[in-house]
Amino acid sequence: MKSSPRTSLWRHRDFRLYWTGQASDVLGSSLSSVALPLVAVITLHATTWQAAILAAVQKTPPLLFSLPAGAWCDRVRKRPLMVATSLVCAVVMGSIPLAAACDRLTLVQLWVAAFVVGSCHVVGMSASLSYIPQLLPANRLLEANAKLASANTLADIGGPALAGALIGVIGAARAVAADSVSYLVTAWCTLRIRTPEAVPPPRAETPSLRKEIRAGLAYTWRHPVIGPLVTTNAITSTVLAGTNAIWIVFLIRELHWSPQVFALVMSIGASGGFLASLTTPRLAARYGAGPVMISALTLAPASQLPLLLAHPGTAGQLAIGGGLFAQLFGAVTHGLTQRTVRQRACAPDMQGRMQATGQWTAFGLRPFAALLAGYAGTTLGLRTTLAIGACLLLLPPLRLALTPIRALRLAPTP
């Protein structure tokens, strides 16, 4: 189905299905992002180190599989991969409440499930992000990414609230079953898309997977626009992976938050991302993609101050919720702008490898960051470790400000 610039994408049937499937996926993942750590910390009585291991296990698959997945996605059709990975995730996440019902749930199963689901996410994300330019023309990508960001942030708002309600009624382990159902919805929506997907053209000589990976790395890192964006994302993602690995322990054990308060504040903070999804297209059109991305990145270190200064009580909870609101506003504004710039700047036959290289570069160091944060939190203290992370978040906006991207007005085309 074709879409003219004047026609809303909500009237594009296949985009609606794609949007619904992605929203369901993110809603379930948002729910389990709250439920899984709470299962570890509260149900299975995990230590700070064991909670950090869970975070590291979740973040290891991009390091291992991003690059092969990207090269693979450039060779085959994307939709079958999207469906298959969703079905595998549904089965794996469904095993957690089943084991809890049989009183057989362990930390090892939680770690294995997190690793398998994370691995499927790597393949599914590479396929889904490189599929959007085939589903829509280039002049609709910013609008599409904004609508997808709104779905993500609405899911982030509803997911923690739903998690808090379900956990309060049926327990954290059983609440994970909702994530399993969300993957089934994603697979069903993806199967119903009718837009024919172009089969990758046959090659006179099919290069080895290793050569294609090297070509994708060289193309992405040497690109004058994509390269700086990818390295900036890597710095931000690595630092946040470390702080996010320990902050739930900090909130529950040092600030004495209940699971319900944690879920509620997460939902309040996620509304900042929803606001960003509505305003970013206009901000980028008025001020330019470069200035918008740099300004958005500066919100990350500033948003950490309430977390560092807060004390137990309602005032601290509201302050942290406000900081999280600002952080997610900046993250979504930067994220959907740089994603659109990269999609438009990338050659069609490099989309999968470009996305995978970006994913590998951004996420590859996250498991080590989580483990390092767990060690630092144990030896230096949680608040000191979070303060170090806040200082490191000053580097990404500085990195981007030192490149010509600071004056980028329009997303370039290949």
# chains A, B, ... in the order shown; residues from 1 in each chain; ligands from 1
>>> closest_atom_pairs(of="segment 136-201 of chain A", to="segment 13-27 of chain A", cutoff="7 Å", atoms="only C-alpha atoms", output="CSV")
residue,atom,partner,partner_atom,distance
A:Leu148,CA,A:Trp19,CA,6.2
A:Ala151,CA,A:Ala23,CA,5.1
A:Asn152,CA,A:Val26,CA,5.9
A:Ala155,CA,A:Leu27,CA,4.3
A:Asp156,CA,A:Leu27,CA,6.4
A:Gly159,CA,A:Leu27,CA,5.3
A:Ser182,CA,A:Ser24,CA,5.2
A:Tyr183,CA,A:Asp25,CA,5.7
A:Val185,CA,A:Gly21,CA,6.3
A:Thr186,CA,A:Gly21,CA,4.0
A:Cys189,CA,A:Gly21,CA,5.3
A:Thr190,CA,A:Tyr18,CA,6.2
A:Ile193,CA,A:Asp14,CA,5.2
A:Arg194,CA,A:Asp14,CA,6.6
A:Thr195,CA,A:Asp14,CA,6.8
>>> write_last_selection(atoms="N, CA and C atoms", output="mmCIF file, in the first residue's frame")
data_model
loop_
_atom_site.group_PDB
_atom_site.id
_atom_site.type_symbol
_atom_site.label_atom_id
_atom_site.label_comp_id
_atom_site.auth_asym_id
_atom_site.auth_seq_id
_atom_site.Cartn_x
_atom_site.Cartn_y
_atom_site.Cartn_z
ATOM 1 N N LEU A 148 6.275 5.187 16.061
ATOM 2 C CA LEU A 148 6.797 4.017 16.766
ATOM 3 C C LEU A 148 7.323 4.410 18.150
ATOM 4 N N ALA A 151 4.461 4.694 20.443
ATOM 5 C CA ALA A 151 4.027 3.373 20.890
ATOM 6 C C ALA A 151 4.947 2.852 21.983
ATOM 7 N N ASN A 152 6.242 3.042 21.783
ATOM 8 C CA ASN A 152 7.201 2.569 22.781
ATOM 9 C C ASN A 152 7.001 3.250 24.122
ATOM 10 N N ALA A 155 3.821 2.247 25.830
ATOM 11 C CA ALA A 155 4.027 0.933 26.425
ATOM 12 C C ALA A 155 4.880 1.043 27.681
ATOM 13 N N ASP A 156 5.889 1.939 27.655
ATOM 14 C CA ASP A 156 6.713 2.137 28.842
ATOM 15 C C ASP A 156 5.910 2.729 29.991
ATOM 16 N N GLY A 159 3.364 -0.305 30.801
ATOM 17 C CA GLY A 159 4.009 -1.533 31.238
ATOM 18 C C GLY A 159 4.322 -1.566 32.725
ATOM 19 N N SER A 182 2.251 -11.049 24.817
ATOM 20 C CA SER A 182 2.567 -9.920 23.940
ATOM 21 C C SER A 182 3.372 -10.358 22.722
ATOM 22 N N TYR A 183 4.264 -11.335 22.885
ATOM 23 C CA TYR A 183 5.033 -11.835 21.750
ATOM 24 C C TYR A 183 4.138 -12.556 20.739
ATOM 25 N N VAL A 185 1.039 -11.761 20.101
ATOM 26 C CA VAL A 185 0.351 -10.694 19.368
ATOM 27 C C VAL A 185 1.274 -10.104 18.302
ATOM 28 N N THR A 186 2.535 -9.908 18.649
ATOM 29 C CA THR A 186 3.497 -9.367 17.681
ATOM 30 C C THR A 186 3.637 -10.281 16.474
ATOM 31 N N CYS A 189 0.433 -10.042 14.238
ATOM 32 C CA CYS A 189 0.360 -8.796 13.461
ATOM 33 C C CYS A 189 1.363 -8.817 12.302
ATOM 34 N N THR A 190 2.562 -9.312 12.548
ATOM 35 C CA THR A 190 3.577 -9.347 11.493
ATOM 36 C C THR A 190 3.159 -10.273 10.360
ATOM 37 N N ILE A 193 0.780 -8.633 7.610
ATOM 38 C CA ILE A 193 1.239 -7.567 6.712
ATOM 39 C C ILE A 193 1.230 -8.088 5.278
ATOM 40 N N ARG A 194 0.633 -7.306 4.358
ATOM 41 C CA ARG A 194 0.483 -7.749 2.969
ATOM 42 C C ARG A 194 1.517 -7.174 2.019
ATOM 43 N N THR A 195 2.164 -6.069 2.393
ATOM 44 C CA THR A 195 3.122 -5.448 1.486
ATOM 45 C C THR A 195 4.205 -6.449 1.112
#
>>> select_by_dssp(residues="segment 31-243 of chain A", states="alpha helix (DSSP H)", output="PyMOL selection string")
chain A and resi 31-38+48-73+78-101+107-135+141-170+172-175+177-191+209-222+226-243
>>> residues_around(residues="segment 253-269 of chain A", least_positions_apart="6", cutoff="9 Å", atoms="only C-alpha atoms", output="number ranges by chain")
A: 34, 38, 154, 156-165, 167-168, 310-313, 316-318, 320-329, 382
>>> write_last_selection(atoms="N, CA, C and O atoms", output="compact mmCIF listing (two decimals), in the first residue's frame")
# COMPACT_ATOMS: atom_id res chain seq x y z
N VAL A 34 10.36 -4.69 34.60
CA VAL A 34 10.09 -4.45 36.02
C VAL A 34 9.98 -5.77 36.77
O VAL A 34 10.54 -5.94 37.86
N LEU A 38 12.51 -7.79 39.89
CA LEU A 38 11.80 -7.98 41.16
C LEU A 38 11.69 -9.45 41.52
O LEU A 38 11.74 -9.82 42.70
N LEU A 154 4.29 4.91 25.23
CA LEU A 154 3.01 4.54 25.83
C LEU A 154 3.10 3.17 26.49
O LEU A 154 2.55 2.95 27.57
N ASP A 156 5.89 1.94 27.65
CA ASP A 156 6.71 2.14 28.84
C ASP A 156 5.91 2.73 29.99
O ASP A 156 6.20 2.48 31.17
N ILE A 157 4.91 3.56 29.64
CA ILE A 157 4.05 4.11 30.68
C ILE A 157 3.13 3.05 31.24
O ILE A 157 2.98 2.87 32.46
N GLY A 158 2.48 2.31 30.34
CA GLY A 158 1.52 1.30 30.77
C GLY A 158 2.16 0.05 31.33
O GLY A 158 1.60 -0.59 32.22
N GLY A 159 3.36 -0.30 30.80
CA GLY A 159 4.01 -1.53 31.24
C GLY A 159 4.32 -1.57 32.73
O GLY A 159 3.90 -2.49 33.43
N PRO A 160 5.05 -0.57 33.27
CA PRO A 160 5.31 -0.59 34.71
C PRO A 160 4.04 -0.51 35.56
O PRO A 160 3.96 -1.16 36.61
N ALA A 161 3.06 0.29 35.12
CA ALA A 161 1.81 0.37 35.88
C ALA A 161 1.11 -0.98 35.88
O ALA A 161 0.60 -1.45 36.92
N LEU A 162 1.06 -1.62 34.69
CA LEU A 162 0.46 -2.95 34.61
C LEU A 162 1.25 -3.95 35.44
O LEU A 162 0.68 -4.81 36.12
N ALA A 163 2.59 -3.82 35.38
CA ALA A 163 3.42 -4.72 36.17
C ALA A 163 3.14 -4.56 37.66
O ALA A 163 3.01 -5.55 38.39
N GLY A 164 3.06 -3.30 38.11
CA GLY A 164 2.78 -3.07 39.53
C GLY A 164 1.45 -3.67 39.96
O GLY A 164 1.35 -4.28 41.03
N ALA A 165 0.42 -3.51 39.10
CA ALA A 165 -0.90 -4.06 39.44
C ALA A 165 -0.87 -5.58 39.46
O ALA A 165 -1.38 -6.22 40.38
N ILE A 167 1.78 -7.59 39.75
CA ILE A 167 2.65 -8.10 40.80
C ILE A 167 1.95 -8.05 42.15
O ILE A 167 2.07 -8.96 42.98
N GLY A 168 1.18 -6.97 42.38
CA GLY A 168 0.46 -6.86 43.64
C GLY A 168 -0.61 -7.92 43.80
O GLY A 168 -0.93 -8.32 44.93
N ALA A 310 18.30 12.39 46.33
CA ALA A 310 17.02 12.03 46.94
C ALA A 310 17.22 11.25 48.24
O ALA A 310 18.23 10.56 48.44
N HIS A 311 16.24 11.39 49.12
CA HIS A 311 16.17 10.63 50.37
C HIS A 311 14.83 9.89 50.41
O HIS A 311 13.93 10.18 49.62
N PRO A 312 14.69 8.92 51.29
CA PRO A 312 13.40 8.21 51.39
C PRO A 312 12.25 9.18 51.63
O PRO A 312 12.38 10.17 52.33
N GLY A 313 11.12 8.88 50.99
CA GLY A 313 9.94 9.71 51.17
C GLY A 313 9.34 10.16 49.85
O GLY A 313 9.92 9.96 48.78
N GLY A 316 11.35 12.69 47.55
CA GLY A 316 12.39 12.05 46.76
C GLY A 316 11.82 11.26 45.59
O GLY A 316 12.40 11.25 44.50
N GLN A 317 10.69 10.64 45.81
CA GLN A 317 10.05 9.87 44.73
C GLN A 317 9.61 10.80 43.60
O GLN A 317 9.79 10.48 42.41
N LEU A 318 9.03 11.95 43.96
CA LEU A 318 8.61 12.90 42.93
C LEU A 318 9.81 13.47 42.18
O LEU A 318 9.75 13.67 40.96
N ILE A 320 12.77 12.06 41.69
CA ILE A 320 13.33 11.04 40.80
C ILE A 320 12.41 10.83 39.60
O ILE A 320 12.88 10.65 38.47
N GLY A 321 11.10 10.88 39.82
CA GLY A 321 10.17 10.78 38.70
C GLY A 321 10.36 11.92 37.71
O GLY A 321 10.32 11.71 36.49
N GLY A 322 10.60 13.15 38.22
CA GLY A 322 10.86 14.28 37.32
C GLY A 322 12.16 14.12 36.55
O GLY A 322 12.24 14.43 35.35
N GLY A 323 13.20 13.61 37.23
CA GLY A 323 14.46 13.37 36.55
C GLY A 323 14.33 12.31 35.47
O GLY A 323 14.89 12.44 34.37
N LEU A 324 13.57 11.26 35.79
CA LEU A 324 13.36 10.20 34.80
C LEU A 324 12.56 10.72 33.61
O LEU A 324 12.80 10.33 32.46
N PHE A 325 11.60 11.62 33.88
CA PHE A 325 10.82 12.24 32.80
C PHE A 325 11.75 12.98 31.84
O PHE A 325 11.67 12.83 30.61
N ALA A 326 12.68 13.79 32.39
CA ALA A 326 13.62 14.54 31.55
C ALA A 326 14.56 13.60 30.80
O ALA A 326 14.87 13.81 29.62
N GLN A 327 15.03 12.56 31.48
CA GLN A 327 15.95 11.63 30.84
C GLN A 327 15.30 10.94 29.65
O GLN A 327 15.90 10.83 28.57
N LEU A 328 14.07 10.48 29.81
CA LEU A 328 13.40 9.76 28.72
C LEU A 328 12.96 10.71 27.62
O LEU A 328 12.91 10.32 26.45
N PHE A 329 12.64 11.95 27.97
CA PHE A 329 12.35 12.94 26.92
C PHE A 329 13.57 13.11 26.03
O PHE A 329 13.48 13.08 24.80
N LEU A 382 26.54 2.30 46.36
CA LEU A 382 25.63 2.50 45.24
C LEU A 382 25.57 3.97 44.81
O LEU A 382 25.61 4.29 43.63
>>> closest_atom_pairs(of="segment 69-146 of chain A", to="segment 338-343 of chain A", cutoff="9 Å", atoms="only C-alpha atoms", output="JSON lines")
{"residue": "A:Leu129", "atom": "CA", "partner": "A:Gln343", "partner_atom": "CA", "distance": 8.7}
{"residue": "A:Ser130", "atom": "CA", "partner": "A:Gln343", "partner_atom": "CA", "distance": 8.1}
{"residue": "A:Ile132", "atom": "CA", "partner": "A:Gln343", "partner_atom": "CA", "distance": 8.9}
{"residue": "A:Pro133", "atom": "CA", "partner": "A:Gln343", "partner_atom": "CA", "distance": 7.3}
{"residue": "A:Ala138", "atom": "CA", "partner": "A:Gln343", "partner_atom": "CA", "distance": 8.2}
{"residue": "A:Leu141", "atom": "CA", "partner": "A:Thr340", "partner_atom": "CA", "distance": 6.2}
{"residue": "A:Leu142", "atom": "CA", "partner": "A:Thr340", "partner_atom": "CA", "distance": 5.6}
{"residue": "A:Asn145", "atom": "CA", "partner": "A:Thr340", "partner_atom": "CA", "distance": 7.0}
>>> residues_around(residues="Val41 of chain A", least_positions_apart="6", cutoff="8 Å", atoms="only C-alpha atoms", output="PyMOL selection string")
chain A and resi 47+51+249
>>> write_last_selection(atoms="C-alpha atoms", output="PDB file, in the first residue's frame")
ATOM      1  CA  THR A  47      22.250 -10.117  46.099  1.00  0.00           C
ATOM      2  CA  ALA A  51      21.150  -8.766  40.222  1.00  0.00           C
ATOM      3  CA  VAL A 249      18.703  -2.154  44.186  1.00  0.00           C
TER       4      VAL A 249
END
>>> closest_residue(among="A:Leu98, A:Ala390, A:Leu305, A:Leu365", to="Leu63 of chain A", atoms="only C-alpha atoms")
A:Leu365
>>> residues_around(residues="Ala198 of chain A", least_positions_apart="2", cutoff="12 Å", atoms="only C-alpha atoms", output="VMD selection string")
chain A and resid 74 to 79 131 133 to 135 195 to 196 200 to 202 348 to 349
>>> atom_distance(atom1="atom CA of Leu371 of chain A", atom2="atom CA of Met293 of chain A")
29.0 Å
>>> closest_atom_pairs(of="segment 313-366 of chain A", to="segment 280-284 of chain A", cutoff="9 Å", atoms="only C-alpha atoms", output="tab-separated table")
residue	atom	partner	partner_atom	distance
A:Val332	CA	A:Thr280	CA	8.5
A:Thr333	CA	A:Thr280	CA	5.7
A:His334	CA	A:Thr280	CA	8.6
A:Leu336	CA	A:Thr280	CA	8.0
A:Thr337	CA	A:Thr280	CA	7.5
>>> closest_residue(among="A:Lys211, A:Arg383, A:Arg174, A:Arg399", to="Leu36 of chain A", atoms="only C-alpha atoms")
A:Arg174
